[in-house]
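coords.cif (mmCIF, C-alpha atoms) appears below.
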data_target
loop_
_atom_site.label_atom_id
_atom_site.label_comp_id
_atom_site.auth_asym_id
_atom_site.auth_seq_id
_atom_site.Cartn_x
_atom_site.Cartn_y
_atom_site.Cartn_z
CA MET N 14 -43.85 62.94 13.83
CA GLY N 15 -43.95 59.57 12.07
CA ALA N 16 -45.90 56.50 13.10
CA PRO N 17 -45.32 55.25 16.64
CA ILE N 18 -42.88 52.50 17.53
CA GLU N 19 -45.01 49.55 18.65
CA PHE N 20 -43.39 47.88 21.65
CA TYR N 21 -44.67 44.38 22.52
CA PHE N 22 -43.52 42.52 25.62
CA ASP N 23 -44.35 39.72 28.04
CA PHE N 24 -44.31 40.70 31.72
CA SER N 25 -42.38 37.49 32.41
CA SER N 26 -39.57 38.36 29.96
CA PRO N 27 -36.24 39.65 31.34
CA TYR N 28 -35.26 41.04 27.93
CA GLY N 29 -38.68 42.70 27.69
CA TYR N 30 -38.03 44.31 31.06
CA VAL N 31 -34.60 45.58 30.00
CA ALA N 32 -36.10 46.92 26.77
CA SER N 33 -38.84 48.67 28.76
CA THR N 34 -36.19 50.76 30.51
CA LEU N 35 -34.71 51.84 27.15
CA ALA N 36 -37.69 52.13 24.78
CA ASP N 37 -38.98 55.61 25.61
CA ASP N 38 -35.50 57.17 25.41
CA LEU N 39 -35.02 55.54 22.02
CA GLY N 40 -38.37 56.98 20.93
CA LYS N 41 -37.31 60.47 22.04
CA ARG N 42 -34.02 60.21 20.14
CA VAL N 43 -35.81 59.42 16.89
CA GLY N 44 -38.86 61.61 17.50
CA ARG N 45 -41.40 58.78 17.67
CA GLU N 46 -44.00 57.89 20.25
CA VAL N 47 -43.67 54.41 21.76
CA THR N 48 -46.87 52.44 22.31
CA TRP N 49 -46.52 49.80 25.03
CA ARG N 50 -48.54 46.61 24.60
CA PRO N 51 -48.08 43.47 26.71
CA PHE N 52 -48.81 40.06 25.24
CA LEU N 53 -48.13 36.43 26.16
CA LEU N 54 -45.41 34.19 24.78
CA GLY N 55 -47.14 31.03 26.03
CA PRO N 56 -49.52 30.71 23.05
CA VAL N 57 -46.66 31.55 20.64
CA PHE N 58 -44.43 28.83 22.07
CA LYS N 59 -47.29 26.34 21.96
CA ALA N 60 -48.18 27.10 18.34
CA ASN N 61 -44.56 27.07 17.17
CA GLY N 62 -43.15 24.10 19.06
CA MET N 63 -40.88 26.44 21.02
CA ALA N 64 -39.99 26.41 24.72
CA PRO N 65 -39.01 29.12 27.21
CA LEU N 66 -35.27 29.86 26.89
CA VAL N 67 -34.47 28.54 30.34
CA ASP N 68 -36.16 25.20 29.51
CA VAL N 69 -34.00 24.54 26.43
CA PRO N 70 -31.16 22.38 27.81
CA MET N 71 -28.16 24.15 26.26
CA LYS N 72 -29.72 27.61 26.36
CA GLY N 73 -30.85 27.54 30.00
CA ASP N 74 -27.64 28.36 31.84
CA TYR N 75 -26.44 30.70 29.12
CA SER N 76 -29.72 32.63 29.28
CA LYS N 77 -29.77 32.97 33.05
CA HIS N 78 -26.24 34.35 32.95
CA ASP N 79 -27.04 36.56 29.98
CA PHE N 80 -30.10 38.13 31.65
CA VAL N 81 -27.84 39.45 34.41
CA ARG N 82 -25.01 40.41 32.06
CA THR N 83 -27.38 42.27 29.72
CA ALA N 84 -29.06 44.18 32.53
CA ARG N 85 -25.65 45.24 33.90
CA TYR N 86 -24.51 46.23 30.39
CA TYR N 87 -27.42 48.68 30.20
CA GLY N 88 -27.10 49.73 33.85
CA VAL N 89 -30.51 48.33 34.77
CA PRO N 90 -31.18 46.79 38.21
CA PHE N 91 -32.14 43.13 37.81
CA SER N 92 -32.47 39.95 39.82
CA LEU N 93 -33.90 36.70 38.44
CA PRO N 94 -37.08 36.04 40.46
CA ALA N 95 -37.39 32.78 42.42
CA LYS N 96 -40.54 31.95 40.46
CA PHE N 97 -39.58 32.20 36.79
CA PRO N 98 -40.99 32.12 34.18
CA ILE N 99 -44.60 32.80 35.08
CA GLY N 100 -47.90 33.32 33.30
CA ALA N 101 -48.52 37.05 33.63
CA ILE N 102 -52.17 37.07 32.66
CA ALA N 103 -53.45 39.05 35.68
CA ALA N 104 -50.98 41.84 34.92
CA LEU N 105 -51.91 41.70 31.25
CA ARG N 106 -55.66 41.96 31.88
CA SER N 107 -55.05 44.77 34.36
CA PHE N 108 -52.95 46.65 31.83
CA TYR N 109 -55.66 46.70 29.16
CA TRP N 110 -58.36 47.60 31.67
CA ILE N 111 -56.29 50.53 32.96
CA ASN N 112 -55.30 51.48 29.42
CA ASP N 113 -58.93 52.04 28.47
CA LEU N 114 -59.21 54.55 31.32
CA ASP N 115 -55.82 56.21 31.11
CA PRO N 116 -53.04 55.14 28.70
CA ALA N 117 -50.33 57.06 30.60
CA LYS N 118 -51.30 55.29 33.81
CA ALA N 119 -51.20 51.94 32.01
CA LYS N 120 -47.59 52.58 30.99
CA ALA N 121 -46.71 53.57 34.55
CA PHE N 122 -48.42 50.36 35.70
CA ALA N 123 -46.36 48.27 33.25
CA LYS N 124 -43.14 49.82 34.56
CA ALA N 125 -44.22 49.20 38.15
CA VAL N 126 -45.10 45.56 37.42
CA TYR N 127 -41.73 44.96 35.78
CA LYS N 128 -39.96 46.53 38.76
CA ALA N 129 -42.00 44.48 41.22
CA TYR N 130 -41.02 41.29 39.40
CA PHE N 131 -37.44 41.81 38.23
CA VAL N 132 -36.17 44.13 40.97
CA ASP N 133 -38.24 43.32 44.05
CA GLY N 134 -38.87 39.65 43.26
CA GLN N 135 -42.63 39.76 43.83
CA ASP N 136 -44.80 37.05 42.28
CA ILE N 137 -46.69 39.13 39.74
CA SER N 138 -48.62 36.09 38.50
CA ALA N 139 -50.93 36.65 41.49
CA ALA N 140 -53.82 39.09 41.15
CA ASP N 141 -53.42 40.06 44.81
CA VAL N 142 -49.90 41.28 44.00
CA VAL N 143 -50.86 43.10 40.82
CA VAL N 144 -53.93 44.92 42.14
CA PRO N 145 -52.05 46.74 44.96
CA ILE N 146 -49.45 47.87 42.39
CA ALA N 147 -52.28 49.47 40.42
CA LYS N 148 -53.73 50.96 43.61
CA SER N 149 -50.40 52.62 44.42
CA LEU N 150 -50.75 54.46 41.10
CA GLY N 151 -54.21 55.74 41.95
CA VAL N 152 -56.24 53.07 40.18
CA ASP N 153 -59.58 52.07 41.78
CA SER N 154 -58.44 48.72 43.15
CA ASP N 155 -61.90 47.40 43.99
CA ALA N 156 -63.07 48.07 40.43
CA LEU N 157 -59.91 46.46 39.03
CA ALA N 158 -60.23 43.37 41.24
CA ALA N 159 -63.82 42.95 40.05
CA ALA N 160 -62.81 43.53 36.43
CA LEU N 161 -60.24 40.71 36.59
CA ASN N 162 -63.13 38.27 37.03
CA ASP N 163 -65.25 39.82 34.28
CA PRO N 164 -65.49 37.56 31.20
CA ALA N 165 -65.61 40.63 28.95
CA VAL N 166 -62.31 41.90 30.39
CA LYS N 167 -60.74 38.45 30.00
CA ASP N 168 -61.96 38.25 26.43
CA ARG N 169 -60.70 41.75 25.64
CA ALA N 170 -57.20 40.84 26.85
CA LYS N 171 -57.27 37.59 24.87
CA GLN N 172 -58.19 39.48 21.71
CA GLU N 173 -55.33 41.93 22.24
CA VAL N 174 -52.87 39.04 22.57
CA GLU N 175 -54.24 37.38 19.44
CA LYS N 176 -54.02 40.63 17.52
CA ILE N 177 -50.38 41.09 18.52
CA ILE N 178 -49.47 37.50 17.63
CA GLY N 179 -51.32 38.06 14.36
CA LYS N 180 -48.86 40.87 13.62
CA GLY N 181 -46.06 38.30 13.80
CA ALA N 182 -44.68 38.95 17.29
CA PHE N 183 -42.99 35.74 18.46
CA GLY N 184 -40.58 36.98 21.14
CA SER N 185 -40.15 39.65 23.79
CA PRO N 186 -39.30 42.42 23.27
CA PHE N 187 -40.75 42.72 19.78
CA PHE N 188 -40.94 46.06 17.98
CA ILE N 189 -42.78 47.11 14.84
CA VAL N 190 -42.20 50.49 13.21
CA ASP N 191 -43.06 51.61 9.68
CA GLY N 192 -44.01 47.99 8.89
CA GLU N 193 -40.59 46.68 9.95
CA SER N 194 -40.26 44.13 12.77
CA PHE N 195 -37.35 43.85 15.22
CA TRP N 196 -36.97 41.08 17.77
CA GLY N 197 -34.78 41.46 20.83
CA THR N 198 -33.16 44.04 23.05
CA ASP N 199 -29.99 43.57 21.04
CA ARG N 200 -31.80 44.77 17.90
CA MET N 201 -32.79 48.14 19.35
CA ALA N 202 -29.67 49.81 17.93
CA MET N 203 -30.59 48.50 14.48
CA LEU N 204 -34.19 49.67 14.92
CA GLU N 205 -32.92 53.14 15.84
CA GLU N 206 -30.73 53.25 12.73
CA TRP N 207 -33.64 52.02 10.63
CA VAL N 208 -35.90 54.87 11.76
CA LYS N 209 -33.12 57.48 11.42
CA ARG N 210 -32.16 56.39 7.91
CA GLY N 211 -35.65 55.42 6.76
CA GLY N 212 -34.47 51.87 6.15
CA TRP N 213 -31.73 50.60 3.86
CA MET G 6 -1.92 39.61 24.14
CA GLY G 7 -4.70 37.86 26.06
CA ALA G 8 -6.36 34.57 25.22
CA PRO G 9 -7.80 34.25 21.72
CA ILE G 10 -11.43 34.88 20.91
CA GLU G 11 -12.88 31.50 19.96
CA PHE G 12 -15.24 31.87 17.00
CA TYR G 13 -17.58 28.95 16.32
CA PHE G 14 -19.83 28.83 13.28
CA ASP G 15 -21.87 26.57 11.01
CA PHE G 16 -21.13 26.95 7.28
CA SER G 17 -24.89 26.91 6.68
CA SER G 18 -25.55 29.86 9.02
CA PRO G 19 -26.22 33.33 7.52
CA TYR G 20 -25.43 35.03 10.82
CA GLY G 21 -22.24 32.97 11.07
CA TYR G 22 -21.30 34.22 7.63
CA VAL G 23 -21.96 37.86 8.55
CA ALA G 24 -19.95 37.40 11.75
CA SER G 25 -17.08 35.88 9.76
CA THR G 26 -16.71 39.15 7.86
CA LEU G 27 -16.48 41.11 11.12
CA ALA G 28 -14.64 38.82 13.55
CA ASP G 29 -11.01 39.48 12.60
CA ASP G 30 -11.49 43.25 12.65
CA LEU G 31 -13.03 42.97 16.10
CA GLY G 32 -10.04 40.91 17.20
CA LYS G 33 -7.64 43.58 15.92
CA ARG G 34 -9.52 46.33 17.75
CA VAL G 35 -9.18 44.54 21.08
CA GLY G 36 -5.74 43.02 20.44
CA ARG G 37 -6.85 39.40 20.45
CA GLU G 38 -6.31 36.61 17.97
CA VAL G 39 -9.50 35.01 16.62
CA THR G 40 -9.55 31.23 16.22
CA TRP G 41 -12.05 30.04 13.61
CA ARG G 42 -13.70 26.68 14.22
CA PRO G 43 -16.68 25.34 12.25
CA PHE G 44 -19.18 23.03 13.89
CA LEU G 45 -22.66 21.71 13.10
CA LEU G 46 -25.95 22.95 14.50
CA GLY G 47 -27.80 19.78 13.43
CA PRO G 48 -26.77 17.71 16.47
CA VAL G 49 -27.48 20.68 18.77
CA PHE G 50 -30.99 21.13 17.41
CA LYS G 51 -31.64 17.39 17.68
CA ALA G 52 -30.42 17.18 21.29
CA ASN G 53 -32.31 20.31 22.38
CA GLY G 54 -35.62 19.89 20.58
CA MET G 55 -34.84 22.96 18.47
CA ALA G 56 -35.42 23.54 14.75
CA PRO G 57 -33.67 25.68 12.15
CA LEU G 58 -34.96 29.27 12.34
CA VAL G 59 -36.59 29.12 8.92
CA ASP G 60 -38.55 26.00 9.93
CA VAL G 61 -40.16 27.64 12.99
CA PRO G 62 -43.52 28.89 11.65
CA MET G 63 -43.52 32.43 13.03
CA LYS G 64 -39.76 32.88 12.82
CA GLY G 65 -39.32 31.74 9.23
CA ASP G 66 -40.33 34.83 7.27
CA TYR G 67 -38.86 37.17 9.87
CA SER G 68 -35.53 35.36 9.71
CA LYS G 69 -35.31 35.33 5.93
CA HIS G 70 -35.96 39.06 5.88
CA ASP G 71 -33.58 39.65 8.77
CA PHE G 72 -30.68 37.78 7.12
CA VAL G 73 -30.80 40.27 4.24
CA ARG G 74 -31.38 43.28 6.49
CA THR G 75 -28.51 42.32 8.81
CA ALA G 76 -26.08 41.76 5.95
CA ARG G 77 -26.97 45.16 4.46
CA TYR G 78 -26.63 46.79 7.89
CA TYR G 79 -23.03 45.58 8.05
CA GLY G 80 -22.39 46.23 4.36
CA VAL G 81 -21.84 42.56 3.58
CA PRO G 82 -22.89 41.04 0.21
CA PHE G 83 -25.52 38.35 0.79
CA SER G 84 -28.11 36.34 -1.08
CA LEU G 85 -30.11 33.50 0.46
CA PRO G 86 -29.06 30.34 -1.44
CA ALA G 87 -31.74 28.33 -3.25
CA LYS G 88 -30.78 25.28 -1.19
CA PHE G 89 -30.96 26.39 2.45
CA PRO G 90 -30.24 25.25 5.10
CA ILE G 91 -27.81 22.48 4.24
CA GLY G 92 -25.62 20.00 6.08
CA ALA G 93 -22.13 21.38 5.61
CA ILE G 94 -20.19 18.32 6.66
CA ALA G 95 -17.90 18.11 3.60
CA ALA G 96 -16.78 21.69 4.18
CA LEU G 97 -16.32 20.99 7.88
CA ARG G 98 -14.17 17.90 7.32
CA SER G 99 -12.15 19.74 4.72
CA PHE G 100 -11.57 22.62 7.11
CA TYR G 101 -10.05 20.45 9.84
CA TRP G 102 -7.96 18.48 7.36
CA ILE G 103 -6.56 21.72 5.90
CA ASN G 104 -6.17 23.23 9.36
CA ASP G 105 -3.76 20.44 10.38
CA LEU G 106 -1.55 21.38 7.44
CA ASP G 107 -1.89 25.17 7.49
CA PRO G 108 -4.20 27.09 9.87
CA ALA G 109 -3.99 30.32 7.84
CA LYS G 110 -5.09 28.44 4.74
CA ALA G 111 -7.96 26.85 6.67
CA LYS G 112 -9.25 30.31 7.58
CA ALA G 113 -8.96 31.43 3.94
CA PHE G 114 -10.85 28.27 2.99
CA ALA G 115 -13.64 29.04 5.46
CA LYS G 116 -14.00 32.54 4.02
CA ALA G 117 -14.07 31.15 0.46
CA VAL G 118 -16.71 28.53 1.38
CA TYR G 119 -18.93 31.17 2.97
CA LYS G 120 -18.57 33.39 -0.11
CA ALA G 121 -19.33 30.47 -2.43
CA TYR G 122 -22.53 29.74 -0.51
CA PHE G 123 -23.90 33.11 0.54
CA VAL G 124 -22.64 35.29 -2.31
CA ASP G 125 -22.33 32.96 -5.31
CA GLY G 126 -25.14 30.56 -4.33
CA GLN G 127 -23.10 27.39 -4.84
CA ASP G 128 -24.26 24.19 -3.11
CA ILE G 129 -21.44 23.77 -0.62
CA SER G 130 -23.01 20.59 0.81
CA ALA G 131 -21.40 18.79 -2.16
CA ALA G 132 -17.80 17.59 -1.86
CA ASP G 133 -17.27 18.28 -5.56
CA VAL G 134 -18.04 21.95 -4.89
CA VAL G 135 -15.91 22.20 -1.77
CA VAL G 136 -12.79 20.46 -3.10
CA PRO G 137 -12.29 22.89 -6.03
CA ILE G 138 -12.60 25.80 -3.60
CA ALA G 139 -9.72 24.31 -1.62
CA LYS G 140 -7.79 23.70 -4.83
CA SER G 141 -8.10 27.37 -5.80
CA LEU G 142 -6.27 28.17 -2.55
CA GLY G 143 -3.39 25.83 -3.39
CA VAL G 144 -4.59 22.78 -1.45
CA ASP G 145 -3.75 19.35 -2.92
CA SER G 146 -7.24 18.53 -4.16
CA ASP G 147 -6.61 14.83 -4.86
CA ALA G 148 -5.33 14.35 -1.33
CA LEU G 149 -8.31 16.28 0.09
CA ALA G 150 -10.84 14.32 -2.00
CA ALA G 151 -9.32 11.08 -0.70
CA ALA G 152 -9.26 12.39 2.87
CA LEU G 153 -12.99 13.14 2.78
CA ASN G 154 -13.59 9.37 2.50
CA ASP G 155 -11.09 8.48 5.23
CA PRO G 156 -12.84 7.24 8.42
CA ALA G 157 -10.09 8.82 10.53
CA VAL G 158 -10.75 12.23 8.97
CA LYS G 159 -14.49 11.81 9.46
CA ASP G 160 -13.95 10.81 13.07
CA ARG G 161 -11.60 13.72 13.68
CA ALA G 162 -14.23 16.21 12.42
CA LYS G 163 -16.91 14.55 14.56
CA GLN G 164 -14.75 14.88 17.64
CA GLU G 165 -14.14 18.57 16.95
CA VAL G 166 -17.89 19.15 16.68
CA GLU G 167 -18.54 17.26 19.91
CA LYS G 168 -15.81 19.22 21.68
CA ILE G 169 -17.34 22.53 20.59
CA ILE G 170 -20.86 21.49 21.60
CA GLY G 171 -19.34 20.34 24.89
CA LYS G 172 -18.19 23.93 25.45
CA GLY G 173 -21.83 24.99 25.32
CA ALA G 174 -22.09 26.34 21.77
CA PHE G 175 -25.74 26.09 20.70
CA GLY G 176 -26.00 28.66 17.91
CA SER G 177 -24.02 30.30 15.14
CA PRO G 178 -22.06 32.48 15.52
CA PHE G 179 -20.97 31.57 19.02
CA PHE G 180 -17.97 33.19 20.69
CA ILE G 181 -16.04 32.30 23.83
CA VAL G 182 -13.40 34.61 25.29
CA ASP G 183 -11.93 34.62 28.78
CA GLY G 184 -14.49 31.96 29.74
CA GLU G 185 -17.41 34.15 28.66
CA SER G 186 -19.85 33.00 25.96
CA PHE G 187 -21.65 35.23 23.46
CA TRP G 188 -24.27 34.01 21.01
CA GLY G 189 -25.16 35.95 17.89
CA THR G 190 -23.86 38.57 15.52
CA ASP G 191 -25.84 41.13 17.48
CA ARG G 192 -23.81 40.35 20.59
CA MET G 193 -20.45 41.17 19.03
CA ALA G 194 -20.61 44.76 20.31
CA MET G 195 -21.16 43.45 23.84
CA LEU G 196 -18.31 40.96 23.43
CA GLU G 197 -16.03 43.80 22.34
CA GLU G 198 -16.99 45.85 25.38
CA TRP G 199 -16.48 42.83 27.61
CA VAL G 200 -12.91 42.33 26.41
CA LYS G 201 -12.11 46.05 26.57
CA ARG G 202 -13.44 46.46 30.10
CA GLY G 203 -12.46 43.02 31.35
CA GLY G 204 -16.09 42.23 32.10
CA TRP G 205 -18.53 44.00 34.37
#

Rewrite the coordinates I just gave you, this time as structure tokens.
Amino acid sequence: MGAPIEFYFDFSSPYGYVASTLADDLGKRVGREVTWRPFLLGPVFKANGMAPLVDVPMKGDYSKHDFVRTARYYGVPFSLPAKFPIGAIAALRSFYWINDLDPAKAKAFAKAVYKAYFVDGQDISAADVVVPIAKSLGVDSDALAAALNDPAVKDRAKQEVEKIIGKGAFGSPFFIVDGESFWGTDRMAMLEEWVKRGGW
Amino acid sequence: MGAPIEFYFDFSSPYGYVASTLADDLGKRVGREVTWRPFLLGPVFKANGMAPLVDVPMKGDYSKHDFVRTARYYGVPFSLPAKFPIGAIAALRSFYWINDLDPAKAKAFAKAVYKAYFVDGQDISAADVVVPIAKSLGVDSDALAAALNDPAVKDRAKQEVEKIIGKGAFGSPFFIVDGESFWGTDRMAMLEEWVKRGGW
């Protein structure tokens, strides 16, 4: 088996959510593991003079329509949350804390957070929404709630985000495999071809 | 035959160029005419606080690599011109002037301009590069050269650009069919499905 497909996403990203429902199947088709790693687009936008899609005047309405259209295209349940976009830092810190204990559980947590936000419309920017999601997966919720206030846990999450941005990730979803970067749900077919053919 | 697929592009756009090599075949597959209309991204970027891809720090290197990778993926000859991006207003004005005389020739002109820029590396921002391209297609080059200095021709081109931006086009390529907008070469497969299925 070759190197894993690195899958980077923001919990507030509709395209990241759609990609999350497709990534593991893609990995199976090409015989690669998929490593899930959340990061934050906020610092990227700030450093690059970019804005969230829905805040760019001409892109806003197009994007909101396209989120729904894209989800339906892939057969994925989706509803744009009332509060959107959000800063998903509590979910991000939780992910890395859980990941240190149990990577499989961290992936299950990421899927559950995405579902809570983009299917059930819960405000996942709130720690008191995120912690019960982790609890439902068997995570020690008291320990997690305490960890979210631990400066070391905060710093750890910050370093992960910086590391991912340092790899060049500027959008969500963002994939890296065999040193090749792919941005966007609509590039997953190209990524798959790239791995199958070994590039071109 | 249903309504045409409206294809909007900037002559300075690599993805617009790649799309131009694929658009007519897509139209044939779904039984729709494709209307080619150049516009300018400059005013869109200015009005929306956006910048050309290659000028966004984190997107620049990715984009330059992706132009080449995307062209190879589709089997399209491509080389990033030394002077890039450019303001393609001479080519745009020429297109609309030719289009009033002979729409088929205008499309041939658009293809020749794209080839001159993205295959042969000519500086198509210059009128004295664009006019000979038109001449090689049988256009009256003296009349075209004169027209490029005609305020009415300039105004006509400006109005076309404003009309296209008024339809919501904010990137290149940009397609509209049956009232549905699609942005990007990598959305052409979705567009094709949309027309085939009549939406979803």

May I ask which of the residues N:Tyr30, N:Phe108, N:Phe187, N:Phe97 is the closest one to chain G, counting only C-alpha atoms?
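The closest residue to chain G is N:Phe187.
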
Could you tell me how far CA of Lys33 in chain G sits from CA of Met201 in chain N, in Å to one decimal place?
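Atom-to-atom, CA of Met201 in chain N and CA of Lys33 in chain G are spaced 25.8 Å apart.
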
Residue nearest Gly179 in chain N among N:Gly44, N:Pro116, N:Pro65, N:Pro56 (counting all atoms listed in the file)
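Selected residue with least distance to Gly179 in chain N: N:Pro56.
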
Result set, the PyMOL selection byres ((chain N) within 12 of (chain G)) on current file, as JSON, numbers by chain
{"N": [56, 57, 58, 59, 60, 61, 62, 63, 64, 65, 66, 67, 68, 69, 70, 71, 72, 73, 74, 75, 76, 78, 79, 81, 82, 83, 84, 85, 86, 87, 88, 178, 179, 180, 181, 182, 183, 184, 187, 189, 193, 194, 195, 196, 197, 198, 199, 200, 201, 202, 203, 204, 205, 206, 207, 210, 212, 213]}

Would you write out, as a list of chain:residue names, every residue that the PyMOL selection byres ((chain N and resi 14) around 9) captures in this file?
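This file gives the following for the PyMOL selection byres ((chain N and resi 14) around 9): N:Gly15, N:Ala16, N:Pro17, N:Gly44, N:Arg45, N:Glu46.
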
I need the output of the PyMOL selection byres ((chain G and resi 103) around 12) for this file as an NGL selection string; which residues are they?
:G and (96-102 or 104-115 or 136 or 138-140 or 142-146 or 148-150 or 152-153 or 158 or 162)

Grab the CA of Ser26 in chain N to CA of Asp155 in chain N distance for me, in Å with one decimal place.
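Computed distance, CA of Ser26 in chain N to CA of Asp155 in chain N, equals 27.9 Å.
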
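The gap separating CA of Ala121 in chain G from CA of Phe16 in chain G is 10.5 Å, in Å to one decimal.
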
Within 9 Å of Ala101 in chain N using all atoms listed in the file, minus same-chain residues under 5 positions, as JSON, numbers by chain:
{"N": [23, 24, 25, 52, 53, 106, 137, 138, 139]}

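Distances to Tyr130 in chain N were evaluated for N:Pro27, N:Ile177, N:Lys77, N:Asp163 using only C-alpha atoms, and the minimum falls at N:Pro27.
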
For each of N:Ile102, N:Ala159, N:Val132, N:Ala36, take the minimum atom-to-atom distance to Thr48 in chain N, counting only C-alpha atoms, then give the residue where this is smallest.
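Between N:Ile102, N:Ala159, N:Val132, N:Ala36, the residue approaching Thr48 in chain N most closely is N:Ala36.
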
With only C-alpha atoms as the basis for distance, which of N:Val190, N:Val89, N:Val208, N:Val126 is at the shortest distance from Ala32 in chain N?
N:Val89
